[in-house]
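These notes are about the structure you will find just below.
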Amino acid sequence: MSEELVEREVAHEQAVVDRVYLRLDEAGVAAQRLAREGHERGRMGHEGGLVERDAMVFQAARRIAQLDAAREGLVFGRLDLDPATDPEPRYIGRLGLRDQDRESLLVDWRAPAAAVFYQATAATPSGVVRRRVLRSAGRTVVGVEDELLDTEAAARLEAEGVELPVVGEGALMAQLSRARDRTMHSIVATIQAEQDEAIRAPSRGVVTIAGGPGTGKTVVALHRAAYLLYSDRRRYETGGVLVIGPSGVFMRYIERVLPSLGETAVALRSLGEVVEGVVASRHDLPAVADVKGSARMAELLRRLAREPVPGARETFRTFWRDDVLELGPQQLTRVRRQLMGQGYRNRQVDRVAPALLDALWRQVRSDRGRERGREAFDDDLLSLPDFVDFAVGWWPPLHAVDVLGWLRDPELLARVGRGLLEDDEQRLLTKSWDDHPVATVATAAKGALSVQDVALLDELRYALGDVPALSPDREDPMRAVDQALEGRVDLQELTTAADREYAPSGRAWAAPTASIEDDGYAHVLIDEAQDLTPMQWRMVGRRGRTASWTIVGDPAQSSWPVPAEADEARRAALERKAVHAFHLSTNYRNSAEIYAYAAAYAQRVGLDADLPTAVRSTGVGPREVVAADEELEQVARREVAALAEQVSGTVGIVVPAARRSEVNAWLASWDERAEDARGARAAVDSSVAPSGEDRVVVLTGLDTKGLEFDGIVVVRPQEIEDESVTGRATLYVVLTRATQLLTTVG
């Protein structure tokens with residue numbers, strides 16, 4: 001292949017790309033003009049003008065965001081079809097554009113006309129003679145990669161004087177050899193046929209995407225979310241799309257994919273962020289996490305939501321007319337049962353005082369009292385500060401964070417956990433909450449909760465229910481109790497997940513009084529689903545009662561020790577929705593040498609692993625290095641330096657959870673004075689790092705879920721295996737994260 005031919009083809013495509021970008025710029029100017037016109041409408045001084053302003057500005061802002069997101073790699077594909085049916089090349093890109101004559105200039109990759117770009121093969125060319133992928137840096141075409149799919153048609157065209165040169169080594173292999181940085185990238189230019197089938201699967205029901213490591217499950221699922229938004233925008237933008245991943249690290253890794261595909265109306269949440277207003281990144285120790293994730297916790301929390309408020313008064317006594325009126329434990333228990341029988345606990349707040357007054361009125365026996373009547377009785381008692389204080393203190397509006405904090409009391413935990421938890425399990429829970437106390441809503445929002453606590457918090461939100469609104473214009477005597485409540489609690493903080501859940505595309509809930517039944521999204525996407533605990537499935541299920549789902553996972557990589565329990569919770573969350581199953585069988589991430597090493601480990605330790613076929617070979621196998629404890633830092637430093645010098649992308653140091661702080665300290669201390677650390681020092685120098693970020697990162701085994709690196713150094717793999725009952729699956733995950741080089745320091 002001559003350089004002149006390559007330069008000629010690149011120059012030709014550059015002219016096309018320049019024309020498309022010019023049209024993109026014109027579309028951006030038009031969107032800005034629409035925004036300005038909208039603001040002008042708002043100055044008309046009447047309600048109709050304000051409505052028009054809001055609509056025009058919203059649409060303009062959304063279009064501007066789509067255009068900005070698509071600028072990098074805007075045009076990536078070209079289809080040359082049989083001239084008898086389609087004489088002009090068809091260009092494929094991140095969004096659709098038409099020229100000023102309304103002729104198609106660029107086809108959106110999600111459009112039906114673009115499907116053949118991914119589905120055509122040499123065996124079934126579907127009318128495609130040549131498929132071309134354009135590789136760009138910004139607006140500049142830097143290369144092209146061709147696949148000739150219909151050789152007979154190409155020969156016929158050549159005989160007719162139509163030249164279709166074939167350039168490059170293949171776009172997929174070029175993409176696979178690209179250096180990794182700290183974010184996931186779109187595969188929109190290199191989607192393969194089996195991946196495309198999953199992306200364009202039916203929109204209703206549940207789509208499951210399974211496959212071993214490196215098969216592209218995550219990125220295929222994200223492209224599916226973008227495809228759904230394109231194919232039924234009204235439904236999915238109105239209802240919202242929720243993407244849930246295993247960790248904050250993972251969510252930051254994938255956060256660029258959807259915007260790069262032209263979609264911004266999606267909520268990205270880690271499992272520790274599913275509940276609005278709460279951010280959790282800390283994981284409990286495996287033994288504690290196993291207890292908190294168990295389905296038994298649902299019944300424990302249901303019991304907890306019915307418990308009396310710790311420290312609340314247990315009796316009330318007053319004198320009215322000629323009667324001594326008293327509420328003791330027996331009477332209060334009856335009132336409690338009556339209120340609990342009427343629905344969610346927090347929903348009964350405005351019924352508490354009337355119920356207590358009923359119980360007290362039944363004790364009125366004197367003629368003077370009966371003659372005064374019930375209305376006077378209610379007025380007199382509601383004017384007593386002591387009664388109002390008792391009513392509010394005995395049955396206050398409860399925030400789930402406060403109620404979860406009650407479990408720090410071992411006696412209360414033993415009471416609600418009777419028959420559910422063993423003594424040692426109760427001690428594990430008590431210690432976890434003593435070590436990381438969560439006393440207020442503010443501390444929960446600042447990360448005091450563990451990731452495993454968030455599902456418990458959500459369970460309590462729904463067990464407690466939301467708080468009814470306190471009407472500002474209420475004039476009856478109960479307003480005294482309302483005022484007392486308003487003075488003691490922040491009702492905005494007491495709303496449930498339904499009231500404050502993320503509202504995609506500007507959708508807002510009507511008021512803090514919205515019902516928990518209003519919660520939900522139009523589509524829920526879960527990645528690393530095999531790791532969800534039963535309690536997390538319950539949490540996620542509430543967000544998808546009426547949704548379609550995309551579920552991504554590989555059972556062999558599961559960190560949850562009781563798969564049958566999680567499967568039952570998953571079935572309950574999906575509520576018998578139709579399931580469309582897809583399986584990906586090709587490993588695009590690892591070199592064949594690295595995956596053979598990982599697969600051998602999985603088979604050796606008895607994992608029932610799905611073993612995909614790795615398509616790329618580097619000729620370099622993993623290295624196993626042995627180091628005594630006293631030389632561990634020196635050896636790890638040397639191996640990281642070696643990897644950093646050999647690869648241009650990211651390097652991960654994966655360590656047992658107990659060693660993370662120790663190894664982070666090593667990394668901070670490595671400097672240029674150490675000859676064997678020069679490569680590592682260069683690696684952590686942000687001036688040479690991809691995307692301006694550090695190339696070297698220290699992670700635990702669980703942190704690596706869904707991530708990939710050019711090189712991996714695994715420190716003390718046996719300790720990773722020994723940290724939990726699912727440690728073998730975790731180590732298998734770790735061994736499949738590297739794309740080029742893998743070293744273990746055992």
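Chain identifiers are assigned as A, B, and so on, following the order in which chains appear in the structure tokens; residues are numbered from 1 within each chain, and ligands are numbered from 1 in order of appearance.
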
Determine, counting only C-alpha atoms, which protein, DNA and RNA residues have an atom within 9 Å of an atom of range 721-723 of chain A; residues of the same chain fewer than 2 positions away are not included. Present the result as a tab-separated table (two decimals) with N, CA and C atoms, in the first residue's frame.
chain	number	residue	atom	x	y	z
A	286	PRO	N	-16.03	-7.51	54.49
A	286	PRO	CA	-16.88	-8.53	53.85
A	286	PRO	C	-17.87	-9.20	54.80
A	656	PRO	N	-4.55	-5.90	48.38
A	656	PRO	CA	-5.58	-6.28	49.35
A	656	PRO	C	-6.10	-5.04	50.06
A	657	ALA	N	-7.35	-5.06	50.48
A	657	ALA	CA	-7.96	-3.88	51.12
A	657	ALA	C	-7.14	-3.42	52.32
A	658	ALA	N	-6.58	-4.36	53.08
A	658	ALA	CA	-5.83	-4.00	54.28
A	658	ALA	C	-4.52	-3.30	53.97
A	717	PRO	N	-1.44	-11.37	45.60
A	717	PRO	CA	-2.71	-11.92	45.11
A	717	PRO	C	-3.34	-12.92	46.07
A	718	GLN	N	-2.52	-13.67	46.81
A	718	GLN	CA	-3.09	-14.65	47.73
A	718	GLN	C	-3.90	-13.97	48.83
A	719	GLU	N	-3.46	-12.79	49.26
A	719	GLU	CA	-4.21	-12.06	50.29
A	719	GLU	C	-5.53	-11.55	49.74
A	725	VAL	N	-15.08	-14.72	51.32
A	725	VAL	CA	-15.48	-16.02	50.77
A	725	VAL	C	-15.59	-15.97	49.25
A	726	THR	N	-15.69	-14.77	48.69
A	726	THR	CA	-15.73	-14.63	47.23
A	726	THR	C	-14.40	-14.08	46.70
A	727	GLY	N	-13.33	-14.23	47.48
A	727	GLY	CA	-12.04	-13.69	47.08
A	727	GLY	C	-11.50	-14.26	45.79
A	728	ARG	N	-11.82	-15.52	45.51
A	728	ARG	CA	-11.33	-16.11	44.25
A	728	ARG	C	-11.95	-15.41	43.05
A	729	ALA	N	-13.23	-15.12	43.13
A	729	ALA	CA	-13.88	-14.40	42.03
A	729	ALA	C	-13.30	-13.00	41.89
A	730	THR	N	-13.01	-12.36	43.04
A	730	THR	CA	-12.42	-11.01	42.99
A	730	THR	C	-11.05	-11.04	42.33
A	731	LEU	N	-10.22	-12.02	42.69
A	731	LEU	CA	-8.88	-12.10	42.08
A	731	LEU	C	-8.99	-12.40	40.59
A	732	TYR	N	-9.95	-13.21	40.20
A	732	TYR	CA	-10.17	-13.48	38.77
A	732	TYR	C	-10.48	-12.17	38.03

Near-Val540 in chain A list (10 Å; only C-alpha atoms; drop same-chain fewer than 5 positions) as a PyMOL selection string: chain A and resi 242+244+271+274-275+455+458+520+524-526+532+534-535+545+570+573-574

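Between CA of Ala120 in chain A and CA of Leu149 in chain A the separation is 7.7 Å.
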
Report as a count of residues only all protein, DNA and RNA residues lying within 12 Å of Glu307 in chain A, evaluated on only C-alpha atoms, omitting residues in the same chain fewer than 4 positions from it. 24

Polymer residues at most 6 Å from Asn346 in chain A, only C-alpha atoms, same-chain spacing of 5 or more positions, as a PyMOL selection string: chain A and resi 397+464-467

A:Leu357, A:Glu565, A:Ala581, A:Ala547: which is nearest Arg235 in chain A, counting only C-alpha atoms?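 Smallest distance to Arg235 in chain A is found for A:Ala547.
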
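Nearest to Gly541 in chain A of all the residues A:Glu575, A:Glu645, A:Ser294, A:Ala592 is A:Glu575, counting only C-alpha atoms.
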
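You will find CA of Val714 in chain A at 4.6 Å from CA of Thr744 in chain A.
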
Pairwise distance for CA of Glu147 in chain A and CA of Arg98 in chain A, rounded to one decimal in Å: 26.5 Å

Residue contacts of range 130-138 of chain A (7 Å, only C-alpha atoms) excluding same-chain residues fewer than 4 positions away, as a PyMOL selection string: chain A and resi 72-73+76-80+142-149+171+189

May I have the selected residues written with C-alpha atoms, as a JSON list (two decimals), in the first residue's frame?
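File produced: again19.json:
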[["chain", "number", "residue", "atom", "x", "y", "z"],
["A", 72, "GLU", "CA", -14.89, 14.91, 19.04],
["A", 73, "GLY", "CA", -14.89, 12.20, 16.36],
["A", 76, "PHE", "CA", -16.38, 8.02, 12.03],
["A", 77, "GLY", "CA", -17.86, 5.78, 9.36],
["A", 78, "ARG", "CA", -18.52, 5.50, 5.63],
["A", 79, "LEU", "CA", -20.51, 2.91, 3.73],
["A", 80, "ASP", "CA", -19.98, 2.32, 0.02],
["A", 142, "VAL", "CA", -5.49, 11.00, 10.83],
["A", 143, "GLY", "CA", -6.22, 7.69, 9.17],
["A", 144, "VAL", "CA", -8.75, 5.35, 7.60],
["A", 145, "GLU", "CA", -9.34, 1.61, 8.04],
["A", 146, "ASP", "CA", -11.24, -0.36, 5.39],
["A", 147, "GLU", "CA", -12.99, -3.71, 5.18],
["A", 148, "LEU", "CA", -13.95, -5.09, 1.77],
["A", 149, "LEU", "CA", -17.15, -7.06, 2.41],
["A", 171, "ALA", "CA", -10.47, -0.52, 12.63],
["A", 189, "ALA", "CA", -17.02, 3.18, 15.35]]

Residues near Met297 in chain A, anyone? I mean within 9 Å using only C-alpha atoms, not counting same-chain ones fewer than 4 positions away, as a list in words.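 These residues fall inside the cut-off: Val291, Lys292, Gly293, Leu301, Arg302, Gly417, Leu420, Leu421, Leu456 and Met535 of chain A.
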
If you run DSSP on this backbone, which residues of range 500-672 of chain A come out as helix (DSSP H, G or I), and could you give them as a PyMOL selection string? chain A and resi 500+504-506+516-518+529-531+534-542+555-557+563-574+592-604+629-646+657-669

Which residue gives the smallest distance to Ala636 in chain A among A:Gln536, A:Asn590, A:Thr743, A:Thr546, with only C-alpha atoms counted? A:Thr743
